[in-house]
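Novice: What follows is a single structure, and I will ask about it in a moment.
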4 protein chains.
Amino acid sequence: MTREIRIGMVGYKFMGRAHSNAFSQAAHFFNLKARPRLKVVCGRHEAEVKEFAGRWGYQDYETDWRRLVERDDVDLIDISTPNNTHAEIAIAAARNGKAVFCEKPLASNAAEAEKMLEAVRKNKVFHAVCFNYRRTPALSLAKKMIDEGKLGRIYHYRGLYLQSWAMDPGMPLIWRMQKGAAGSGALGDLGSHQVDLARWLVGEVAEVTGLSETFVKERLVSRNETGLSASGGRKKAKVTVDDATLFLIRFKNGAVGSIEATRFAPGRKNYNQLEINGEKGTLVFNLEQLNELEYYDATESKETQGFRTISVTESVHPYFGAWWPHGHIIGYEHTFIHTAADLINAWAEGKTFQPNFHDGLACQKVLSAVEKSAIKRNWVRL
Amino acid sequence: MTREIRIGMVGYKFMGRAHSNAFSQAAHFFNLKARPRLKVVCGRHEAEVKEFAGRWGYQDYETDWRRLVERDDVDLIDISTPNNTHAEIAIAAARNGKAVFCEKPLASNAAEAEKMLEAVRKNKVFHAVCFNYRRTPALSLAKKMIDEGKLGRIYHYRGLYLQSWAMDPGMPLIWRMQKGAAGSGALGDLGSHQVDLARWLVGEVAEVTGLSETFVKERLVSRNETGLSASGGRKKAKVTVDDATLFLIRFKNGAVGSIEATRFAPGRKNYNQLEINGEKGTLVFNLEQLNELEYYDATESKETQGFRTISVTESVHPYFGAWWPHGHIIGYEHTFIHTAADLINAWAEGKTFQPNFHDGLACQKVLSAVEKSAIKRNWVRL
Amino acid sequence: MTREIRIGMVGYKFMGRAHSNAFSQAAHFFNLKARPRLKVVCGRHEAEVKEFAGRWGYQDYETDWRRLVERDDVDLIDISTPNNTHAEIAIAAARNGKAVFCEKPLASNAAEAEKMLEAVRKNKVFHAVCFNYRRTPALSLAKKMIDEGKLGRIYHYRGLYLQSWAMDPGMPLIWRMQKGAAGSGALGDLGSHQVDLARWLVGEVAEVTGLSETFVKERLVSRNETGLSASGGRKKAKVTVDDATLFLIRFKNGAVGSIEATRFAPGRKNYNQLEINGEKGTLVFNLEQLNELEYYDATESKETQGFRTISVTESVHPYFGAWWPHGHIIGYEHTFIHTAADLINAWAEGKTFQPNFHDGLACQKVLSAVEKSAIKRNWVRL
Amino acid sequence: MTREIRIGMVGYKFMGRAHSNAFSQAAHFFNLKARPRLKVVCGRHEAEVKEFAGRWGYQDYETDWRRLVERDDVDLIDISTPNNTHAEIAIAAARNGKAVFCEKPLASNAAEAEKMLEAVRKNKVFHAVCFNYRRTPALSLAKKMIDEGKLGRIYHYRGLYLQSWAMDPGMPLIWRMQKGAAGSGALGDLGSHQVDLARWLVGEVAEVTGLSETFVKERLVSRNETGLSASGGRKKAKVTVDDATLFLIRFKNGAVGSIEATRFAPGRKNYNQLEINGEKGTLVFNLEQLNELEYYDATESKETQGFRTISVTESVHPYFGAWWPHGHIIGYEHTFIHTAADLINAWAEGKTFQPNFHDGLACQKVLSAVEKSAIKRNWVRL
């Protein structure tokens, strides 16, 4: 493990922290083919980015990502910023020959995503998108079981990503509620994870039809923007993204499905849940219980068939051997650590990583088709 | 309890048995305003109907429902036959001045349902449709809580009715798989329950869009029909109903929803499940755990908020006081007993019963709109 | 099914109702070798017993059990009265040549139980004790699986019977809280079920040690007794039974176990729960979810091992074929119906029924040993 | 955060790794009052300890703990070695004026634990024992709720620590199965956690009675010892610790309890489970679902009472604010990180940490009493 992969991180909030932790921990628990080094972190507010750099052991920091992507001492640009900035940063990074690791969704829309893919291909740089849930041990096991034919022909995909943090009408208009910054609301934020999992586990989407709804139509302008009206009171502005989007799917292989993403489901905190029914069995997963995979094997003796809860914590299970004895569960952040470990190894060996910008674009196309169907009120083919 | 309500039952299979048990048990556990008497049961096969009459204590039997509906010694005609026979029997019963209690779905299609409603109104007879799940104690409690405002404004309805009995491609083409006899497949059989619950718990449906799929397109003709081909082998015929139907809903009150009905979900046996998200909380119900109602109260202290599982088995809960001490659970058949008890009381007091043919028709209109949307590939308003 | 078994029921409260329902329903759902007839019900309060007789279709009633046991038109005496009356009634019934079916626990103590067994043996009458939970389909399946060796050598039995109805200190001193009437408290009422299941599923008990506790030491004398003190206030009296008893077990086959019975566990309503660990797997059952059996098969591939929840509602499962399609669950009262059906068939064919008075006595001996150990503060061998 | 706490770690296996990770991560997520520095790690096998030091960023390593405890550049000795070495190392560390953090159980027996406590008191050094589960957010919340009186008077404690890793009779005789190295088996390894939690959550233990069993009496001598017999075959030796221990408890405050620890429960992987019943409610916790706390509030309206599952992942919950948004769960290792964070802060501020050697000794006394009771077959007072 002599070679290093020097990380240039853009963003230091929720995702910047999750990604920094991922690179930091990967080397503690996995035997990697390159040593990750937290080299530079970049953010607009110097005091904050400096504190972050100190806490996580970054050797340096920048306050302008344009300078970051030009630095010679950085190998990989990790983009953990709002969605509408992904394209510009990624394209600049690619042009500078950097490997690029981008948070999901890849872009604000399909057109941007196309340009991003074009940039990484043209500049022949390593590219990856952070659909981290693929590397939850339980979902990695699900994928393996499906690939081995344990479900047989797949009939149904049923995906939910339910949250509730936006329900308070008093919550101000943050960037995730503005089309300009976020591209879309629940659809892009939550639905994108579901679309990626559906594509990965079931197959390509043939067509969709959906509906979007914004339950709270106006919100107070956030305090850290100019949020005062002429009269001195707080100003309200329109919420320009969806609070909830639901859609039906026909997959190319004949399976049918549905996906729902909402920020208005009390009690559902990070409920990224899916069920897949095939001719031989069923799989069920829920991110709030991420160490478990439910499996119904319809080929067993009828007398003892049942939904079984697999504790995906055995050393024979994907990734878990790197951690603790069985039953000693892992958490949300570990999905990023697994992603980082695989990414580092793929980069070190010059291999393609999945999911990459192709997947990011394919996902974006489905999201765009859903948005279009919601407006046109009919099915949209991909 | 001097007065009697004399039952004339049409059908003695699954539903005939469930209904006979319901009338038989209602008087054991509830204090009724009329005494139910199992008077006459009607079926085409004399030996079988006779055995059934003896087992359940019917005083007489008939083999032609036309004779049954004309009998003077019968007050109520209970229709527990395949869907395509409901209309004819119900209309004849109404014309003979009989109260009519009809299994769901009310008819094969909305046109038939309209005629049935017209018949009972014109003849001023008591009418009821057996959407028995409304009288599961847990769902009765859910309705009460919603009516009291415990959820506040409702945002989401999410309904699933998943079964798996039809998955074996070797299963023959029974009546439930033929459009002529059944009207539709999973949609009418399972989806109708969901539509009734959605209307009852959330409100009227404004518009729908859906998809239907038949995964196993052909099946062997059933043995008890002429099922041999010219070559002596077993004959196959087309399955003319849906194995699965999924649809999206906009309710008139602004809530959005989705319903899925399928016979192709391994491990799901009678999984009639629903979740309702409102501004103040969430309710979840699953018929396979019918004594329980899950409730999330978002107005409580954040520190101790959580999904609670209410064991709906207290004497303060709907219907349960008639049964056993708390925690001593009841089963599927009890939903029919509660329906029978309420029906008998309403009949005895000359009151309207709900759900009745109005509800049966309203449900049928939603089902028809779903079928239409699946063909036209767009939204259909009600 | 020409022959009849004419039931003489003693008691018409909770258990009288459960048993009457059992005999009434058995013939509706099972093909029996004798036809049960609800002949006579007996109770001290004439108005009440008469109402009960009418409701359930008993042909006659008595107010003195001594007259009942002498009647020629009764074949079986069903004893559903408080524990301290079982012995006298059962012995008199046996002397009159009646078959005897007795609620659990068989007696107030082991000495009484010995006399009862002696009486039925000497008079060569059919005898049965109502440990109805053996005939829950899930526990019948558990027994079958254990007998087939699916768990291999058994290491652990872990039984809980938790309730909460007695927690309110304001609840008056009912018969179940008085040693004279009940023999013991949680131990005899709840622990007896656990002891029967442990003996049946694991094997005979070698020795026990336990502790008993009465958390609420005094209670108001019940209103329907002379409950006024000299001063005119309500009188309190000592609770003379255990609110909770816990004990450790060594089985003769080398397994170890523990059983706990309490009436002081908030939220636990009828939580009769057990777990059995063997060298090849684990079984878990909980009466509040009585249609399910949890099973862990440790011999499967490590990758997909997991606790599976068997919905014990298939036609291949014990008893369920008589009821509804799979997933259409049954309830508490059905355990009595299955017991009645098997009892009627055994009686009709002149066979021994299990559990019978031998089991009732064996259970009582364990309960007595537990009581003794709690006083002597050491282990007691059986 | 200028001051440093320089860690000297003894042991680099399972616990050495968990502790190193804890100190490493604490500073990433918590604002600490001293900066932890991984200074020296100590182990007998130089190649392995060197690799470990490199992976975790220790600045140096030692192969003899005697040298480690004498080093001037170390502030705290962290003891993560087999139980029988704890006393010698801790006492030497204390004599050298080092703070001591010791894995549980504190010692092999109560006598050793007494000496350890004496040493830290005499030398006035900071001392802590790693009962890390106290700092699971869910159990910290449970403690808070109990202290606030949410359960009222406590009646029952019911603890299980079930594992299954030792079930294979072919597993060799590791140190955890030898009395010399481990002190005891399931009792000390698993039962000690339960005893600590019971003391902390309910109160001091008054008396106990228990049983111990060793199901697999002999095992192959481990390969990395001289394991060949004279005949050249593998040698077997006696298992000198308990595979399972069960005991009953009377607490000083009148509550009663039971604890079971076993390594022979298939499907139970790290099932550290407890239930506490009080006059106002019940709490249930299971380490395999460590982000959840079940709570039954018996003071609420009867209509909507139910066991609620609190997702202990809100920023208002203990420790969770340092991590991710709600519903983004944490894992096993986080219990060590919370322990490290609190320990560092207590050390930096010169405060006492809990649990410390007093708790370690109190726990050891209960374990000794259980062992004694199992031999003497009666109750043992503490």
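Each chain in the structure tokens gets a letter, A, B, ..., in the order shown, and its residues are numbered from 1; ligands are numbered from 1 in order too.
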Report as a VMD selection string all protein, DNA and RNA residues lying within 9 Å of Thr304 in chain D, evaluated on only C-alpha atoms, omitting residues in the same chain fewer than 3 positions from it.

Specialist: (chain B and resid 295 308 to 312) or (chain D and resid 300 to 301)

Novice: Would you output that residue set with C-alpha atoms, as a PDB file, in the first residue's frame?

Specialist:
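Everything below was put into selection.pdb:
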```
ATOM      1  CA  TYR B 295     -49.903   4.713  15.311  1.00  0.00           C
ATOM      2  CA  ARG B 308     -46.729   2.311  18.752  1.00  0.00           C
ATOM      3  CA  THR B 309     -48.484  -0.977  18.218  1.00  0.00           C
ATOM      4  CA  ILE B 310     -51.934  -0.732  19.713  1.00  0.00           C
ATOM      5  CA  SER B 311     -53.299  -4.143  20.621  1.00  0.00           C
ATOM      6  CA  VAL B 312     -56.880  -3.376  19.648  1.00  0.00           C
TER       7      VAL B 312
ATOM      8  CA  GLU D 300     -51.997   7.079  28.561  1.00  0.00           C
ATOM      9  CA  SER D 301     -55.539   6.775  27.268  1.00  0.00           C
TER      10      SER D 301
END
```

Novice: Applying 6 Å and only C-alpha atoms, which residues near Ala107 in chain B remain after dropping the ones on its own chain fewer than 3 positions away? List them as an mmCIF file with C-alpha atoms, in the first residue's frame.

Specialist:
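Saved the output as part-v6.cif:
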```cif
data_model
loop_
_atom_site.group_PDB
_atom_site.id
_atom_site.type_symbol
_atom_site.label_atom_id
_atom_site.label_comp_id
_atom_site.auth_asym_id
_atom_site.auth_seq_id
_atom_site.Cartn_x
_atom_site.Cartn_y
_atom_site.Cartn_z
ATOM 1 C CA ASN B 83 -69.411 -11.598 -9.057
ATOM 2 C CA HIS B 86 -74.719 -10.608 -8.052
ATOM 3 C CA GLU B 112 -74.509 -3.513 -13.263
ATOM 4 C CA ALA B 113 -73.921 -1.808 -9.936
#
```

Novice: Find the residues of chain B in contact range of chain D, meaning any atom within 10 Å when counting only C-alpha atoms, and list them as a JSON list (two decimals) with N, CA, C and O atoms, in the first residue's frame.

Specialist:
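What landed in selection.json:
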```json
[["chain", "number", "residue", "atom", "x", "y", "z"],
["B", 141, "LEU", "N", -61.21, 1.55, 14.80],
["B", 141, "LEU", "CA", -60.50, 2.50, 15.64],
["B", 141, "LEU", "C", -59.79, 3.55, 14.79],
["B", 141, "LEU", "O", -59.82, 4.75, 15.09],
["B", 145, "MET", "N", -60.28, 7.57, 15.01],
["B", 145, "MET", "CA", -59.16, 8.48, 15.26],
["B", 145, "MET", "C", -59.06, 9.55, 14.16],
["B", 145, "MET", "O", -58.81, 10.72, 14.44],
["B", 292, "GLU", "N", -53.93, -5.54, 15.51],
["B", 292, "GLU", "CA", -53.02, -4.44, 15.83],
["B", 292, "GLU", "C", -53.24, -3.23, 14.91],
["B", 292, "GLU", "O", -53.57, -3.37, 13.75],
["B", 293, "LEU", "N", -53.01, -2.06, 15.50],
["B", 293, "LEU", "CA", -52.99, -0.83, 14.71],
["B", 293, "LEU", "C", -51.73, -0.09, 15.11],
["B", 293, "LEU", "O", -51.47, 0.13, 16.29],
["B", 294, "GLU", "N", -50.93, 0.27, 14.11],
["B", 294, "GLU", "CA", -49.74, 1.05, 14.40],
["B", 294, "GLU", "C", -50.08, 2.53, 14.29],
["B", 294, "GLU", "O", -50.77, 2.94, 13.36],
["B", 295, "TYR", "N", -49.56, 3.30, 15.24],
["B", 295, "TYR", "CA", -49.90, 4.71, 15.31],
["B", 295, "TYR", "C", -48.66, 5.50, 15.69],
["B", 295, "TYR", "O", -47.97, 5.16, 16.64],
["B", 296, "TYR", "N", -48.40, 6.54, 14.92],
["B", 296, "TYR", "CA", -47.31, 7.46, 15.26],
["B", 296, "TYR", "C", -47.93, 8.81, 15.52],
["B", 296, "TYR", "O", -48.57, 9.39, 14.64],
["B", 302, "LYS", "N", -40.78, 14.96, 21.45],
["B", 302, "LYS", "CA", -39.87, 14.36, 20.48],
["B", 302, "LYS", "C", -39.04, 13.23, 21.11],
["B", 302, "LYS", "O", -38.66, 12.28, 20.44],
["B", 303, "GLU", "N", -38.76, 13.38, 22.38],
["B", 303, "GLU", "CA", -37.89, 12.41, 23.04],
["B", 303, "GLU", "C", -38.47, 11.00, 23.03],
["B", 303, "GLU", "O", -37.74, 10.02, 22.96],
["B", 304, "THR", "N", -39.79, 10.92, 23.12],
["B", 304, "THR", "CA", -40.38, 9.58, 23.24],
["B", 304, "THR", "C", -41.38, 9.26, 22.12],
["B", 304, "THR", "O", -42.14, 8.30, 22.23],
["B", 305, "GLN", "N", -41.35, 10.04, 21.06],
["B", 305, "GLN", "CA", -42.18, 9.69, 19.90],
["B", 305, "GLN", "C", -41.75, 8.34, 19.33],
["B", 305, "GLN", "O", -40.56, 8.02, 19.33],
["B", 306, "GLY", "N", -42.71, 7.60, 18.83],
["B", 306, "GLY", "CA", -42.37, 6.33, 18.20],
["B", 306, "GLY", "C", -43.61, 5.69, 17.63],
["B", 306, "GLY", "O", -44.73, 6.02, 18.03],
["B", 307, "PHE", "N", -43.42, 4.78, 16.69],
["B", 307, "PHE", "CA", -44.56, 4.00, 16.21],
["B", 307, "PHE", "C", -44.99, 3.08, 17.32],
["B", 307, "PHE", "O", -44.21, 2.28, 17.82],
["B", 308, "ARG", "N", -46.24, 3.20, 17.72],
["B", 308, "ARG", "CA", -46.73, 2.31, 18.75],
["B", 308, "ARG", "C", -47.66, 1.27, 18.13],
["B", 308, "ARG", "O", -48.40, 1.55, 17.19],
["B", 309, "THR", "N", -47.60, 0.08, 18.66],
["B", 309, "THR", "CA", -48.48, -0.98, 18.22],
["B", 309, "THR", "C", -49.60, -1.10, 19.23],
["B", 309, "THR", "O", -49.40, -1.57, 20.34],
["B", 310, "ILE", "N", -50.77, -0.63, 18.83],
["B", 310, "ILE", "CA", -51.93, -0.73, 19.71],
["B", 310, "ILE", "C", -52.52, -2.13, 19.56],
["B", 310, "ILE", "O", -52.88, -2.53, 18.46],
["B", 311, "SER", "N", -52.59, -2.86, 20.64],
["B", 311, "SER", "CA", -53.30, -4.14, 20.62],
["B", 311, "SER", "C", -54.78, -3.79, 20.77],
["B", 311, "SER", "O", -55.23, -3.43, 21.86],
["B", 312, "VAL", "N", -55.50, -3.86, 19.65],
["B", 312, "VAL", "CA", -56.88, -3.38, 19.65],
["B", 312, "VAL", "C", -57.79, -4.46, 20.21],
["B", 312, "VAL", "O", -58.67, -5.01, 19.54],
["B", 313, "THR", "N", -57.54, -4.77, 21.48],
["B", 313, "THR", "CA", -58.23, -5.88, 22.14],
["B", 313, "THR", "C", -58.74, -5.47, 23.52],
["B", 313, "THR", "O", -58.96, -6.33, 24.37],
["B", 314, "GLU", "N", -58.89, -4.18, 23.73],
["B", 314, "GLU", "CA", -59.42, -3.71, 25.00],
["B", 314, "GLU", "C", -60.94, -3.61, 24.92],
["B", 314, "GLU", "O", -61.50, -3.42, 23.83],
["B", 315, "SER", "N", -61.58, -3.65, 26.06],
["B", 315, "SER", "CA", -63.04, -3.53, 26.05],
["B", 315, "SER", "C", -63.46, -2.14, 25.60],
["B", 315, "SER", "O", -64.60, -1.95, 25.18],
["B", 316, "VAL", "N", -62.57, -1.15, 25.66],
["B", 316, "VAL", "CA", -62.92, 0.18, 25.16],
["B", 316, "VAL", "C", -62.82, 0.26, 23.64],
["B", 316, "VAL", "O", -63.24, 1.25, 23.04],
["B", 317, "HIS", "N", -62.29, -0.75, 23.02],
["B", 317, "HIS", "CA", -62.14, -0.72, 21.55],
["B", 317, "HIS", "C", -63.39, -1.20, 20.84],
["B", 317, "HIS", "O", -64.18, -1.96, 21.41],
["B", 318, "PRO", "N", -63.56, -0.78, 19.59],
["B", 318, "PRO", "CA", -64.76, -1.21, 18.86],
["B", 318, "PRO", "C", -64.89, -2.73, 18.82],
["B", 318, "PRO", "O", -63.91, -3.42, 18.50]]
```

Novice: What parts of range 156-302 of chain A does DSSP call strand (DSSP E)? I'd like the answer as a short mmCIF file (atom, residue, chain, number, x, y, z; two decimals) with C-alpha atoms, in the first residue's frame.

Specialist:
```cif
data_model
loop_
_atom_site.label_atom_id
_atom_site.label_comp_id
_atom_site.auth_asym_id
_atom_site.auth_seq_id
_atom_site.Cartn_x
_atom_site.Cartn_y
_atom_site.Cartn_z
CA HIS A 156 -42.73 -6.57 -8.84
CA TYR A 157 -40.54 -3.78 -7.51
CA ARG A 158 -42.08 -1.69 -4.74
CA GLY A 159 -39.98 1.18 -3.47
CA LEU A 160 -40.61 3.81 -0.83
CA TYR A 161 -38.36 6.55 0.42
CA LEU A 162 -40.29 8.24 3.18
CA VAL A 205 -36.83 1.23 -16.92
CA ALA A 206 -39.00 1.25 -20.06
CA GLU A 207 -41.60 3.85 -19.11
CA VAL A 208 -43.07 5.76 -16.20
CA THR A 209 -46.07 7.82 -15.19
CA GLY A 210 -46.26 9.83 -12.02
CA LEU A 211 -47.66 12.64 -9.96
CA SER A 212 -45.99 15.32 -7.89
CA GLU A 213 -47.45 17.38 -5.09
CA GLU A 218 -45.01 28.80 0.53
CA ARG A 219 -42.36 29.06 3.20
CA LEU A 220 -40.47 31.74 5.05
CA LYS A 236 -42.46 34.13 2.28
CA ALA A 237 -41.57 32.61 -1.06
CA LYS A 238 -42.92 29.80 -3.17
CA ALA A 244 -43.87 14.16 -2.71
CA THR A 245 -43.66 12.29 -5.98
CA LEU A 246 -45.20 8.91 -6.78
CA PHE A 247 -44.77 6.98 -10.00
CA LEU A 248 -45.53 3.70 -11.71
CA ILE A 249 -42.90 1.83 -13.70
CA ARG A 250 -42.76 -0.70 -16.46
CA PHE A 251 -39.32 -2.29 -16.65
CA VAL A 256 -43.85 -3.66 -12.99
CA GLY A 257 -43.12 -1.33 -10.16
CA SER A 258 -43.91 1.72 -8.13
CA ILE A 259 -41.78 4.25 -6.33
CA GLU A 260 -42.82 6.89 -3.88
CA ALA A 261 -40.69 9.63 -2.41
CA THR A 262 -42.04 11.97 0.20
CA TYR A 271 -37.37 4.93 5.48
CA ASN A 272 -35.75 3.80 2.26
CA GLN A 273 -37.67 0.60 1.82
CA LEU A 274 -38.10 -1.82 -1.04
CA GLU A 275 -39.74 -5.13 -1.80
CA ILE A 276 -39.05 -7.32 -4.80
CA ASN A 277 -41.33 -10.21 -5.72
CA GLY A 278 -40.08 -12.87 -8.07
CA GLY A 281 -39.34 -15.59 -3.63
CA THR A 282 -39.39 -12.14 -2.15
CA LEU A 283 -36.79 -9.76 -0.72
CA VAL A 284 -37.54 -6.82 1.57
CA PHE A 285 -35.15 -4.15 2.80
CA ASN A 286 -35.53 -1.08 4.97
CA GLU A 292 -31.22 -6.94 7.98
CA LEU A 293 -32.57 -8.43 4.80
CA GLU A 294 -35.93 -10.15 4.75
CA TYR A 295 -36.18 -13.12 2.45
CA TYR A 296 -39.06 -15.42 1.59
CA ASP A 297 -38.03 -18.57 -0.21
#
```

Novice: Excluding Ser108 in chain D and its own-chain neighbours fewer than 3 positions away, which residues fall within 10 Å of it when counting only C-alpha atoms? Please give them as a PDB file with N, CA and C atoms, in the first residue's frame.

Specialist:
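After the write, part12.pdb holds the following:
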```pdb
ATOM      1  N   PRO D  82      -7.030 -10.394  27.788  1.00  0.00           N
ATOM      2  CA  PRO D  82      -7.853 -11.380  28.506  1.00  0.00           C
ATOM      3  C   PRO D  82      -7.998 -11.044  29.981  1.00  0.00           C
ATOM      4  N   ASN D  83      -9.094 -11.517  30.567  1.00  0.00           N
ATOM      5  CA  ASN D  83      -9.504 -11.094  31.907  1.00  0.00           C
ATOM      6  C   ASN D  83      -8.460 -11.341  32.996  1.00  0.00           C
ATOM      7  N   ASN D  84      -7.738 -12.440  32.884  1.00  0.00           N
ATOM      8  CA  ASN D  84      -6.835 -12.777  33.985  1.00  0.00           C
ATOM      9  C   ASN D  84      -5.592 -11.896  34.033  1.00  0.00           C
ATOM     10  N   THR D  85      -5.402 -11.035  33.040  1.00  0.00           N
ATOM     11  CA  THR D  85      -4.250 -10.129  33.045  1.00  0.00           C
ATOM     12  C   THR D  85      -4.628  -8.730  33.513  1.00  0.00           C
ATOM     13  N   HIS D  86      -5.922  -8.469  33.653  1.00  0.00           N
ATOM     14  CA  HIS D  86      -6.362  -7.103  33.980  1.00  0.00           C
ATOM     15  C   HIS D  86      -5.734  -6.601  35.283  1.00  0.00           C
ATOM     16  N   ALA D  87      -5.781  -7.422  36.310  1.00  0.00           N
ATOM     17  CA  ALA D  87      -5.376  -6.963  37.647  1.00  0.00           C
ATOM     18  C   ALA D  87      -3.918  -6.524  37.652  1.00  0.00           C
ATOM     19  N   LYS D 104     -14.226  -4.853  30.487  1.00  0.00           N
ATOM     20  CA  LYS D 104     -15.019  -5.634  31.427  1.00  0.00           C
ATOM     21  C   LYS D 104     -14.837  -7.117  31.124  1.00  0.00           C
ATOM     22  N   PRO D 105     -15.094  -8.048  32.007  1.00  0.00           N
ATOM     23  CA  PRO D 105     -15.299  -7.776  33.424  1.00  0.00           C
ATOM     24  C   PRO D 105     -14.000  -7.278  34.030  1.00  0.00           C
ATOM     25  N   ALA D 111     -11.885 -10.995  44.360  1.00  0.00           N
ATOM     26  CA  ALA D 111     -10.665 -10.697  45.128  1.00  0.00           C
ATOM     27  C   ALA D 111      -9.711  -9.824  44.307  1.00  0.00           C
ATOM     28  N   GLU D 112      -9.511 -10.200  43.055  1.00  0.00           N
ATOM     29  CA  GLU D 112      -8.671  -9.395  42.164  1.00  0.00           C
ATOM     30  C   GLU D 112      -9.232  -7.981  42.009  1.00  0.00           C
ATOM     31  N   ALA D 113     -10.534  -7.912  41.829  1.00  0.00           N
ATOM     32  CA  ALA D 113     -11.171  -6.612  41.616  1.00  0.00           C
ATOM     33  C   ALA D 113     -10.976  -5.702  42.836  1.00  0.00           C
ATOM     34  N   LYS D 179     -11.098 -21.497  32.534  1.00  0.00           N
ATOM     35  CA  LYS D 179     -11.279 -20.754  33.776  1.00  0.00           C
ATOM     36  C   LYS D 179     -10.042 -19.928  34.125  1.00  0.00           C
ATOM     37  N   GLY D 180      -8.874 -20.501  33.862  1.00  0.00           N
ATOM     38  CA  GLY D 180      -7.640 -19.783  34.188  1.00  0.00           C
ATOM     39  C   GLY D 180      -7.562 -18.419  33.526  1.00  0.00           C
ATOM     40  N   ALA D 181      -7.862 -18.371  32.254  1.00  0.00           N
ATOM     41  CA  ALA D 181      -7.724 -17.119  31.513  1.00  0.00           C
ATOM     42  C   ALA D 181      -8.954 -16.224  31.634  1.00  0.00           C
ATOM     43  N   ALA D 182     -10.133 -16.848  31.672  1.00  0.00           N
ATOM     44  CA  ALA D 182     -11.359 -16.063  31.543  1.00  0.00           C
ATOM     45  C   ALA D 182     -12.099 -15.863  32.864  1.00  0.00           C
ATOM     46  N   GLY D 183     -11.766 -16.657  33.870  1.00  0.00           N
ATOM     47  CA  GLY D 183     -12.499 -16.539  35.138  1.00  0.00           C
ATOM     48  C   GLY D 183     -13.793 -17.323  35.089  1.00  0.00           C
ATOM     49  N   SER D 184     -14.632 -16.967  34.143  1.00  0.00           N
ATOM     50  CA  SER D 184     -15.831 -17.764  33.898  1.00  0.00           C
ATOM     51  C   SER D 184     -16.173 -17.651  32.416  1.00  0.00           C
ATOM     52  N   GLY D 188     -19.247 -14.421  32.962  1.00  0.00           N
ATOM     53  CA  GLY D 188     -18.385 -13.240  33.033  1.00  0.00           C
ATOM     54  C   GLY D 188     -18.385 -12.438  31.741  1.00  0.00           C
ATOM     55  N   GLN D 364     -18.551  -7.697  39.914  1.00  0.00           N
ATOM     56  CA  GLN D 364     -17.807  -8.936  40.166  1.00  0.00           C
ATOM     57  C   GLN D 364     -18.357  -9.669  41.389  1.00  0.00           C
ATOM     58  N   LEU D 367     -21.367 -11.572  40.301  1.00  0.00           N
ATOM     59  CA  LEU D 367     -20.967 -12.758  39.528  1.00  0.00           C
ATOM     60  C   LEU D 367     -20.463 -13.856  40.475  1.00  0.00           C
ATOM     61  N   SER D 368     -19.674 -13.465  41.455  1.00  0.00           N
ATOM     62  CA  SER D 368     -19.166 -14.453  42.415  1.00  0.00           C
ATOM     63  C   SER D 368     -20.298 -15.083  43.212  1.00  0.00           C
TER      64      SER D 368
END
```

Novice: Would you pick out the contacts of His338 in chain D at 9 Å or less, using only C-alpha atoms, so that residues sharing its chain but fewer than 2 positions from it are not included, and give the list as a list in words?

Specialist: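 Contacts, with the query itself left out: Ala22, Ala26, Phe30, Asn132, Arg135, Thr136, Pro137, Tyr319, His334, Thr335, Phe336, Ala340, Ala341, Asp342 and Leu343 of chain D.
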
Novice: Give me, please, the distance in Å between CA of His127 in chain D and CA of Arg95 in chain D, quoted to one decimal.

Specialist: 12.5 Å

Novice: By how many Å are CA of Phe101 in chain B and CA of Ala186 in chain B apart?

Specialist: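 Computing the Euclidean distance for CA of Phe101 in chain B and CA of Ala186 in chain B yields 22.5 Å.
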
Novice: Skipping near chain neighbours, those fewer than 2 positions away, what residues fall within 12 Å of Lys50 in chain A using only C-alpha atoms, listed as a ChimeraX atom specification?

Specialist: /A:12,40-48,52-63
